[in-house]
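A.B. asks: Hey, dropping run38.csv in here, CSV, C-alpha atoms:
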chain,number,residue,atom,x,y,z
C,678,MET,CA,-4.1,29.2,-207.9
C,679,SER,CA,-0.8,29.1,-206.0
C,680,ILE,CA,2.6,28.1,-207.4
C,681,THR,CA,2.6,25.1,-205.0
C,682,SER,CA,-0.6,23.7,-206.4
C,683,LEU,CA,0.6,24.2,-210.0
C,684,GLN,CA,3.8,22.3,-209.2
C,685,ALA,CA,1.8,19.6,-207.6
C,686,GLY,CA,-0.3,19.3,-210.7
C,687,VAL,CA,2.7,19.1,-213.0
C,688,ASN,CA,4.3,16.4,-210.8
C,689,THR,CA,1.1,14.4,-210.8
C,690,ALA,CA,0.9,14.6,-214.6
C,691,SER,CA,4.5,13.6,-215.0
C,692,ASP,CA,4.0,10.7,-212.6
C,693,MET,CA,1.0,9.5,-214.6
C,694,ALA,CA,2.9,9.7,-217.8
C,695,THR,CA,5.8,7.8,-216.3
C,696,GLY,CA,3.5,5.3,-214.8
C,697,SER,CA,1.8,4.7,-218.2
C,698,ALA,CA,5.0,4.5,-220.0
C,699,GLY,CA,6.7,2.2,-217.5
C,700,PRO,CA,5.1,-1.1,-218.7
C,701,LYS,CA,6.0,-0.3,-222.3
C,702,LEU,CA,9.6,0.4,-221.4
C,703,GLN,CA,9.8,-2.8,-219.4
C,704,LYS,CA,8.3,-4.8,-222.3
C,705,ARG,CA,10.8,-3.3,-224.7
C,706,ARG,CA,13.7,-4.1,-222.4
C,707,ARG,CA,12.5,-7.7,-222.0
C,708,SER,CA,12.1,-8.1,-225.7
C,709,ARG,CA,15.6,-6.7,-226.3
C,710,VAL,CA,17.0,-9.1,-223.7
C,711,GLY,CA,15.2,-12.0,-225.2
C,712,LEU,CA,16.4,-11.1,-228.7
C,713,ALA,CA,20.0,-10.8,-227.5
C,714,MET,CA,19.8,-14.2,-225.9
C,715,VAL,CA,18.2,-15.9,-228.9
C,716,SER,CA,20.2,-14.2,-231.6
C,717,PRO,CA,23.4,-16.3,-231.3
C,718,SER,CA,21.6,-19.6,-231.8
C,719,VAL,CA,19.5,-18.1,-234.7
C,720,LEU,CA,22.7,-16.7,-236.3
C,721,ALA,CA,24.4,-20.1,-235.9
C,722,LEU,CA,21.4,-21.9,-237.5
C,723,LEU,CA,21.3,-19.4,-240.4
C,724,VAL,CA,25.0,-19.9,-241.0
C,725,TRP,CA,24.6,-23.7,-240.8
C,726,MET,CA,21.9,-23.5,-243.4
C,727,ALA,CA,23.1,-20.7,-245.6
C,728,VAL,CA,26.7,-21.9,-246.1
C,729,PRO,CA,25.8,-25.4,-247.5
C,730,LEU,CA,23.0,-23.8,-249.6
C,731,ALA,CA,25.4,-21.2,-251.0
C,732,MET,CA,28.0,-23.8,-251.8
C,733,THR,CA,25.4,-25.9,-253.6
C,734,ILE,CA,24.2,-23.0,-255.7
C,735,TYR,CA,27.8,-22.2,-256.5
C,736,PHE,CA,28.7,-25.7,-257.6
C,737,SER,CA,25.5,-26.0,-259.6
C,738,LEU,CA,26.6,-23.0,-261.7
C,739,ILE,CA,30.1,-24.3,-262.6
C,740,ARG,CA,31.5,-27.3,-264.3
C,741,TYR,CA,32.8,-29.2,-261.3
C,742,ASN,CA,33.7,-32.9,-262.0
C,743,LEU,CA,36.0,-34.7,-259.6
C,744,LEU,CA,37.7,-36.4,-262.6
C,745,TYR,CA,38.7,-33.0,-264.0
C,746,PRO,CA,39.5,-30.9,-261.0
C,747,GLY,CA,41.1,-28.1,-263.0
C,748,ASP,CA,38.1,-27.5,-265.2
C,749,ASN,CA,35.8,-25.2,-263.1
C,750,GLU,CA,34.5,-22.7,-265.6
C,751,PHE,CA,31.1,-21.0,-265.2
C,752,VAL,CA,28.3,-22.7,-267.1
C,753,GLY,CA,25.2,-21.0,-265.9
C,754,LEU,CA,22.1,-23.2,-266.0
C,755,GLU,CA,23.8,-25.9,-268.1
C,756,ASN,CA,23.9,-28.4,-265.2
C,757,PHE,CA,20.1,-27.9,-264.6
C,758,TYR,CA,19.4,-28.5,-268.3
C,759,TYR,CA,21.5,-31.7,-268.3
C,760,PHE,CA,19.9,-33.0,-265.1
C,761,LEU,CA,16.4,-32.4,-266.3
C,762,THR,CA,17.1,-34.0,-269.7
C,763,ASP,CA,18.9,-37.0,-268.2
C,764,GLU,CA,17.1,-40.3,-268.9
C,765,GLY,CA,17.1,-41.1,-265.2
C,766,PHE,CA,15.3,-37.9,-264.2
C,767,VAL,CA,11.9,-38.9,-265.6
C,768,ALA,CA,12.2,-42.4,-264.2
C,769,GLY,CA,13.4,-41.0,-260.8
C,770,ALA,CA,10.6,-38.5,-260.6
C,771,PHE,CA,8.0,-41.2,-261.5
C,772,ASN,CA,9.4,-43.7,-259.0
C,773,THR,CA,9.5,-41.0,-256.3
C,774,LEU,CA,5.9,-40.1,-256.9
C,775,TRP,CA,4.8,-43.7,-257.0
C,776,LEU,CA,6.7,-44.6,-253.9
C,777,VAL,CA,5.3,-41.8,-251.9
C,778,LEU,CA,1.7,-42.3,-253.0
C,779,SER,CA,1.9,-46.1,-252.5
C,780,VAL,CA,3.4,-45.9,-249.0
C,781,LEU,CA,1.0,-43.2,-248.0
C,782,ALA,CA,-2.0,-45.3,-249.1
C,783,ILE,CA,-0.8,-48.5,-247.4
C,784,SER,CA,0.3,-46.9,-244.2
C,785,VAL,CA,-2.8,-44.8,-243.7
C,786,VAL,CA,-5.3,-47.6,-244.5
C,787,ALA,CA,-3.4,-50.1,-242.4
C,788,GLY,CA,-2.8,-47.6,-239.7
C,789,VAL,CA,-6.5,-46.7,-239.4
C,790,LEU,CA,-7.6,-50.4,-239.4
C,791,ILE,CA,-5.0,-51.4,-236.8
C,792,ALA,CA,-5.7,-48.4,-234.6
C,793,VAL,CA,-9.5,-49.3,-234.6
C,794,LEU,CA,-8.7,-52.9,-233.8
C,795,VAL,CA,-6.4,-52.3,-230.9
C,796,ASP,CA,-8.7,-49.6,-229.4
C,797,THR,CA,-11.0,-52.5,-228.3
C,798,PRO,CA,-9.9,-53.8,-224.8
C,799,PHE,CA,-8.5,-57.3,-224.9
C,800,PHE,CA,-5.9,-59.3,-222.9
C,801,GLY,CA,-2.3,-58.3,-223.6
C,802,ARG,CA,-3.3,-55.0,-225.5
C,803,GLY,CA,-0.4,-53.1,-224.0
C,804,ILE,CA,2.2,-55.7,-225.3
C,805,VAL,CA,0.5,-55.7,-228.7
C,806,ARG,CA,0.7,-51.9,-228.9
C,807,VAL,CA,4.4,-51.9,-228.1
C,808,MET,CA,5.1,-54.6,-230.7
C,809,LEU,CA,3.1,-52.6,-233.3
C,810,ILE,CA,5.2,-49.5,-233.0
C,811,SER,CA,8.5,-51.2,-232.5
C,812,PRO,CA,9.4,-51.4,-236.3
C,813,PHE,CA,9.5,-47.6,-236.4
C,814,PHE,CA,12.6,-47.6,-234.2
C,815,ILE,CA,14.6,-49.9,-236.4
C,816,MET,CA,17.3,-48.3,-238.5
C,817,PRO,CA,16.3,-48.3,-242.2
C,818,THR,CA,19.5,-50.1,-243.3
C,819,VAL,CA,18.9,-52.9,-240.8
C,820,SER,CA,15.3,-53.2,-241.8
C,821,ALA,CA,16.3,-53.4,-245.5
C,822,LEU,CA,18.9,-56.0,-244.8
C,823,VAL,CA,16.4,-58.1,-242.8
C,824,TRP,CA,13.9,-58.0,-245.6
C,825,LYS,CA,16.4,-58.7,-248.3
C,826,ASN,CA,18.2,-61.6,-246.7
C,827,LEU,CA,15.7,-63.1,-244.3
C,828,LEU,CA,12.2,-62.5,-245.8
C,829,LEU,CA,12.4,-61.8,-249.5
C,830,HIS,CA,15.4,-63.9,-250.5
C,831,PRO,CA,14.4,-66.2,-253.4
C,832,VAL,CA,16.3,-69.2,-251.9
C,833,SER,CA,16.5,-68.9,-248.2
C,834,GLY,CA,13.8,-66.4,-247.4
C,835,VAL,CA,10.7,-67.0,-245.3
C,836,LEU,CA,8.4,-66.1,-248.2
C,837,ALA,CA,10.2,-68.5,-250.5
C,838,ALA,CA,9.7,-71.3,-247.9
C,839,VAL,CA,6.0,-70.5,-247.8
C,840,TRP,CA,5.8,-70.5,-251.6
C,841,ARG,CA,7.5,-73.9,-251.8
C,842,PHE,CA,5.3,-75.3,-249.0
C,843,PHE,CA,2.2,-74.6,-251.2
C,844,GLY,CA,4.0,-76.0,-254.3
C,845,ALA,CA,4.6,-72.6,-256.0
C,846,THR,CA,7.8,-71.2,-257.5
C,847,PRO,CA,9.4,-68.6,-255.2
C,848,ILE,CA,9.5,-65.0,-256.5
C,849,ASP,CA,12.8,-63.1,-256.9
C,850,TRP,CA,11.3,-59.9,-255.6
C,851,PHE,CA,14.3,-57.6,-256.2
C,852,THR,CA,14.6,-58.8,-259.8
C,853,ASP,CA,11.0,-59.3,-260.9
C,854,TYR,CA,9.3,-56.7,-258.7
C,855,PRO,CA,12.0,-54.4,-257.3
C,856,LEU,CA,10.0,-51.2,-256.8
C,857,GLN,CA,7.1,-53.2,-255.2
C,858,ALA,CA,9.7,-54.7,-252.8
C,859,ILE,CA,11.0,-51.3,-251.8
C,860,ILE,CA,7.4,-50.1,-251.3
C,861,LEU,CA,6.8,-53.1,-249.0
C,862,ILE,CA,9.9,-52.5,-246.9
C,863,VAL,CA,9.2,-48.7,-246.5
C,864,SER,CA,5.5,-49.3,-245.8
C,865,TRP,CA,6.5,-51.8,-243.0
C,866,GLN,CA,8.7,-49.1,-241.5
C,867,TRP,CA,6.1,-46.3,-241.6
C,868,ILE,CA,2.9,-48.2,-240.7
C,869,PRO,CA,3.9,-48.1,-237.0
C,870,PHE,CA,4.2,-44.3,-237.1
C,871,ALA,CA,0.6,-44.0,-238.5
C,872,VAL,CA,-0.6,-46.5,-235.9
C,873,LEU,CA,1.0,-44.5,-233.1
C,874,ILE,CA,-0.6,-41.2,-234.2
C,875,LEU,CA,-4.0,-42.7,-234.9
C,876,MET,CA,-4.0,-44.9,-231.9
C,877,THR,CA,-3.4,-41.9,-229.7
C,878,ALA,CA,-6.2,-39.9,-231.5
C,879,MET,CA,-8.6,-42.8,-230.8
C,880,GLN,CA,-8.2,-42.2,-227.1
C,881,SER,CA,-10.0,-38.8,-227.4
C,882,LEU,CA,-13.0,-40.3,-229.2
C,883,ASP,CA,-16.3,-39.8,-227.3
C,884,GLN,CA,-17.4,-43.2,-226.3
C,885,GLU,CA,-20.9,-41.9,-225.3
C,886,GLN,CA,-21.5,-40.9,-228.9
C,887,LYS,CA,-20.6,-44.4,-230.0
C,888,ASP,CA,-22.9,-45.9,-227.4
C,889,ALA,CA,-25.7,-43.6,-228.5
C,890,ALA,CA,-25.2,-44.7,-232.1
C,891,ARG,CA,-25.4,-48.4,-231.0
C,892,LEU,CA,-28.7,-47.7,-229.1
C,893,ASP,CA,-30.1,-46.2,-232.3
C,894,GLY,CA,-29.3,-49.4,-234.2
C,895,ALA,CA,-26.1,-48.4,-236.0
C,896,GLY,CA,-23.7,-51.3,-236.8
C,897,PRO,CA,-19.9,-51.4,-236.6
C,898,ILE,CA,-19.4,-50.3,-240.2
C,899,ALA,CA,-21.8,-47.3,-239.8
C,900,ILE,CA,-20.1,-46.3,-236.6
C,901,PHE,CA,-16.7,-46.5,-238.2
C,902,TRP,CA,-17.8,-44.5,-241.3
C,903,HIS,CA,-19.8,-41.8,-239.6
C,904,ILE,CA,-18.1,-41.4,-236.2
C,905,THR,CA,-14.6,-42.9,-236.1
C,906,LEU,CA,-13.3,-41.9,-239.5
C,907,PRO,CA,-14.4,-38.2,-239.3
C,908,HIS,CA,-12.7,-38.1,-235.9
C,909,LEU,CA,-9.5,-39.3,-237.4
C,910,ALA,CA,-9.5,-36.8,-240.2
C,911,ARG,CA,-7.0,-34.4,-238.6
C,912,PRO,CA,-4.6,-37.1,-237.4
C,913,ILE,CA,-4.6,-38.6,-240.9
C,914,ALA,CA,-3.8,-35.2,-242.4
C,915,VAL,CA,-0.9,-34.9,-240.1
C,916,VAL,CA,0.4,-38.4,-240.9
C,917,ILE,CA,0.2,-37.6,-244.6
C,918,MET,CA,2.1,-34.4,-244.3
C,919,ILE,CA,4.9,-35.8,-242.1
C,920,GLU,CA,5.3,-39.0,-244.1
C,921,THR,CA,5.4,-37.2,-247.4
C,922,ILE,CA,8.3,-35.0,-246.3
C,923,PHE,CA,10.4,-38.0,-245.2
C,924,LEU,CA,9.4,-40.3,-248.1
C,925,LEU,CA,10.7,-37.8,-250.7
C,926,SER,CA,14.2,-38.5,-249.4
C,927,ILE,CA,14.1,-42.3,-249.2
C,928,PHE,CA,17.7,-43.6,-249.8
C,929,ALA,CA,19.0,-46.2,-247.4
C,930,GLU,CA,16.5,-48.9,-248.4
C,931,ILE,CA,17.3,-48.5,-252.1
C,932,PHE,CA,21.0,-48.4,-251.6
C,933,THR,CA,21.0,-51.5,-249.4
C,934,THR,CA,18.8,-53.7,-251.5
C,935,THR,CA,18.7,-52.8,-255.2
C,936,GLY,CA,21.3,-50.1,-255.8
C,937,GLY,CA,18.7,-48.2,-257.9
C,938,GLY,CA,18.4,-51.1,-260.4
C,939,PRO,CA,17.8,-53.0,-262.4
C,940,GLY,CA,18.3,-50.1,-264.7
C,941,TYR,CA,16.3,-47.2,-263.3
C,942,GLU,CA,13.5,-49.4,-261.9
C,943,THR,CA,14.1,-48.3,-258.3
C,944,THR,CA,15.9,-45.0,-258.8
C,945,ASN,CA,14.3,-42.1,-257.1
C,946,LEU,CA,15.5,-38.5,-257.1
C,947,ALA,CA,17.5,-38.9,-253.9
C,948,PHE,CA,19.4,-41.9,-255.3
C,949,LEU,CA,19.8,-40.2,-258.7
C,950,ILE,CA,21.5,-37.3,-257.0
C,951,TYR,CA,23.8,-39.7,-255.1
C,952,SER,CA,24.7,-41.5,-258.3
C,953,GLN,CA,25.6,-38.3,-260.1
C,954,ALA,CA,27.8,-37.1,-257.2
C,955,LEU,CA,29.5,-40.2,-256.0
C,956,LEU,CA,29.3,-42.7,-258.9
C,957,GLN,CA,29.8,-40.3,-261.8
C,958,PHE,CA,31.7,-37.7,-259.8
C,959,ASP,CA,29.7,-34.9,-261.4
C,960,VAL,CA,29.3,-32.6,-258.4
C,961,GLY,CA,27.9,-29.7,-260.5
C,962,MET,CA,25.1,-31.7,-261.9
C,963,ALA,CA,24.4,-33.4,-258.6
C,964,SER,CA,24.2,-29.9,-257.0
C,965,ALA,CA,21.7,-28.8,-259.6
C,966,GLY,CA,19.7,-31.9,-258.9
C,967,GLY,CA,19.7,-31.3,-255.2
C,968,LEU,CA,18.3,-27.8,-255.7
C,969,ILE,CA,15.6,-29.1,-258.0
C,970,ALA,CA,14.7,-31.7,-255.4
C,971,VAL,CA,14.6,-29.0,-252.7
C,972,VAL,CA,12.2,-27.0,-254.9
C,973,ILE,CA,10.0,-30.0,-255.5
C,974,ALA,CA,10.0,-30.9,-251.8
C,975,ASN,CA,9.1,-27.3,-250.8
C,976,ILE,CA,6.2,-27.2,-253.4
C,977,ALA,CA,4.9,-30.5,-252.0
C,978,ALA,CA,5.2,-29.3,-248.4
C,979,PHE,CA,3.5,-26.0,-249.3
C,980,MET,CA,0.6,-27.7,-251.0
C,981,LEU,CA,0.2,-30.2,-248.1
C,982,VAL,CA,0.3,-27.4,-245.5
C,983,ARG,CA,-2.4,-25.5,-247.4
C,984,MET,CA,-4.6,-28.5,-247.8
C,985,ILE,CA,-4.2,-29.6,-244.2
C,986,GLY,CA,-4.6,-26.1,-242.9
C,987,LYS,CA,-7.9,-25.8,-244.9
C,988,ASN,CA,-8.9,-29.2,-243.6
C,989,LEU,CA,-8.3,-28.2,-240.0
C,990,THR,CA,-10.1,-24.8,-240.4
C,991,ASP,CA,-13.1,-26.5,-242.0
C,992,LYS,CA,-13.2,-29.1,-239.2
C,993,ALA,CA,-12.9,-26.3,-236.5
In structure tokens, how does this file's structure come out?
C.D. replies:
Amino acid sequence: MSITSLQAGVNTASDMATGSAGPKLQKRRRSRVGLAMVSPSVLALLVWMAVPLAMTIYFSLIRYNLLYPGDNEFVGLENFYYFLTDEGFVAGAFNTLWLVLSVLAISVVAGVLIAVLVDTPFFGRGIVRVMLISPFFIMPTVSALVWKNLLLHPVSGVLAAVWRFFGATPIDWFTDYPLQAIILIVSWQWIPFAVLILMTAMQSLDQEQKDAARLDGAGPIAIFWHITLPHLARPIAVVIMIETIFLLSIFAEIFTTTGGGPGYETTNLAFLIYSQALLQFDVGMASAGGLIAVVIANIAAFMLVRMIGKNLTDKA
């Protein structure tokens, strides 16, 4: 074998090695370029999240009351203990749980029924659909004021006029049934969201399957129970997860209508933290409460994601 042939073989082997390594090198370069382009926004987001969290943790470990600005000694977990043993914590936790569960039940049930009703073609269906989802775009404060002064007012409200028309005594909702009034207001805001998601999901329902069921003698209730409702299982799970995350932090409706009262009747965890920080000026205890609320929200979100993930996997 000549030297020329040996050199040619070596060059061929080197070319093959370079050719096989070329795509890997290009992929690495592209990943590095992508990382370099994304890293500033990711770093800014981390700083944006880490700085408030670090300050909250710091304030929760010291005695920081705005009425006594010079007294900032380290107290450890004392703020957490006082927040958990505060008389408003149990009431706030119960009201938060009851508010979330009630609004979820009302919005999901009403959303499913309305989505099924508007799925049937009728004159003016487009206008009805727009009107159904329009309350979701109203600001919570405006919605709460409308319900408080226009609908539920015991003297000049619409429901009071209806009560008097039938000879009944009007109900002072925000005095006699304050939490139920808050649930009614929040449900009215979140039913359109459920309707929007479920109404969109109804568009992908196989109509041939429903027609076949009708030919086999199935009635509307049987079709709804065995075909429509299983089809809406995934959208319902998504509605529950998204609404739960937002309902845990309901504040504007309570602040605008009842102010957390009477007593602790309508105080949830979000409003309790607000009252500790801006009404009692105890920033340390409010920071501890905020961290506790974050832990509770993360636990709820984790459980919901696990449940919904299992649901989606089983359905798949």
A.B. asks: Kindly provide, as number ranges by chain, the polymer residues lying within 6 Å of (22.7, -34.3, -259.1), counting all atoms listed in the file and using the coordinates exactly as they appear in the file.
C.D. replies: C: 950, 953, 962-967
A.B. asks: Considering only C-alpha atoms, return as a PyMOL selection string whatever protein or nucleic-acid residues lie within 10 Å of Ile913 (chain C), sequence-local ones (same chain, fewer than 6 positions apart) excluded.
C.D. replies: chain C and resi 785-786+788-789+871+874-875+878+906-907+919+985
A.B. asks: Could you state the separation of CA of Ala974 (chain C) and CA of Leu925 (chain C) in Å, given to one decimal place?
C.D. replies: 7.0 Å
A.B. asks: Could you jot down the CA of Leu861 (chain C) to CA of Leu794 (chain C) separation for me, Å, one decimal place?
C.D. replies: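 Value for the CA of Leu861 (chain C)-CA of Leu794 (chain C) distance: 21.7 Å.
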A.B. asks: Pick from C:Met984, C:Leu712, C:Ser833, C:Ile734: nearest to Arg911 (chain C), with all atoms listed in the file counted?
C.D. replies: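 Checking each of C:Met984, C:Leu712, C:Ser833, C:Ile734 against Arg911 (chain C), counting all atoms listed in the file, the winner is C:Met984.
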A.B. asks: Find the distance between CA of Pro912 (chain C) and CA of Phe928 (chain C) and write it in Å to one decimal.
C.D. replies: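 We find that CA of Pro912 (chain C) and CA of Phe928 (chain C) lie 26.3 Å from each other.
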A.B. asks: With distances taken over all atoms listed in the file, which of C:Asp748, C:Ala954, C:Ala899, C:Phe932 is nearest to Lys825 (chain C)?
C.D. replies: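 Of the candidates, the smallest distance to Lys825 (chain C) is held by C:Phe932.
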A.B. asks: Out of C:Leu873, C:Ile848, C:Asp888, C:Thr905, which residue has the shortest atom-to-atom distance to Pro812 (chain C) when counting only C-alpha atoms?
C.D. replies: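 Answer, going by the shortest atom-to-atom distance: C:Leu873.
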A.B. asks: For each of C:Thr944, C:Thr933, C:Thr921, C:Gln703, take the minimum atom-to-atom distance to Ile976 (chain C), counting all atoms listed in the file, then give the residue where this is smallest.
C.D. replies: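 Looking only at the distances to Ile976 (chain C), the closest residue turns out to be C:Thr921.
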A.B. asks: From the set C:Trp902, C:Tyr854, C:Trp865, C:Phe842, which residue has the shortest atom-to-atom contact distance to Ala821 (chain C), counting all atoms listed in the file?
C.D. replies: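 With all atoms listed in the file as the atom set, the closest residue is C:Trp865.
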A.B. asks: Which residues, written as a PyMOL selection string, have at least one atom at most 8 Å from Trp867 (chain C), with only C-alpha atoms counted and residues fewer than 5 positions away on the same chain left out?
C.D. replies: chain C and resi 780+784+813+920
A.B. asks: Given all atoms listed in the file as the basis, pick out the residue of C:Val960, C:Leu856, C:Val916, C:Val805 nearest to Asn749 (chain C).
C.D. replies: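 Using all atoms listed in the file, Asn749 (chain C) sits closest to C:Val960.
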A.B. asks: Within 9 Å of (6.4, -49.0, -247.3) (file coordinates; all atoms listed in the file), which protein or nucleic acid residues are there? I'd like them as a list of chain:residue names.
C.D. replies: C:Leu776, C:Val777, C:Ser779, C:Val780, C:Leu781, C:Ile783, C:Ser784, C:Gln857, C:Ala858, C:Ile859, C:Ile860, C:Leu861, C:Ile862, C:Val863, C:Ser864, C:Trp865, C:Gln866, C:Trp867, C:Ile868
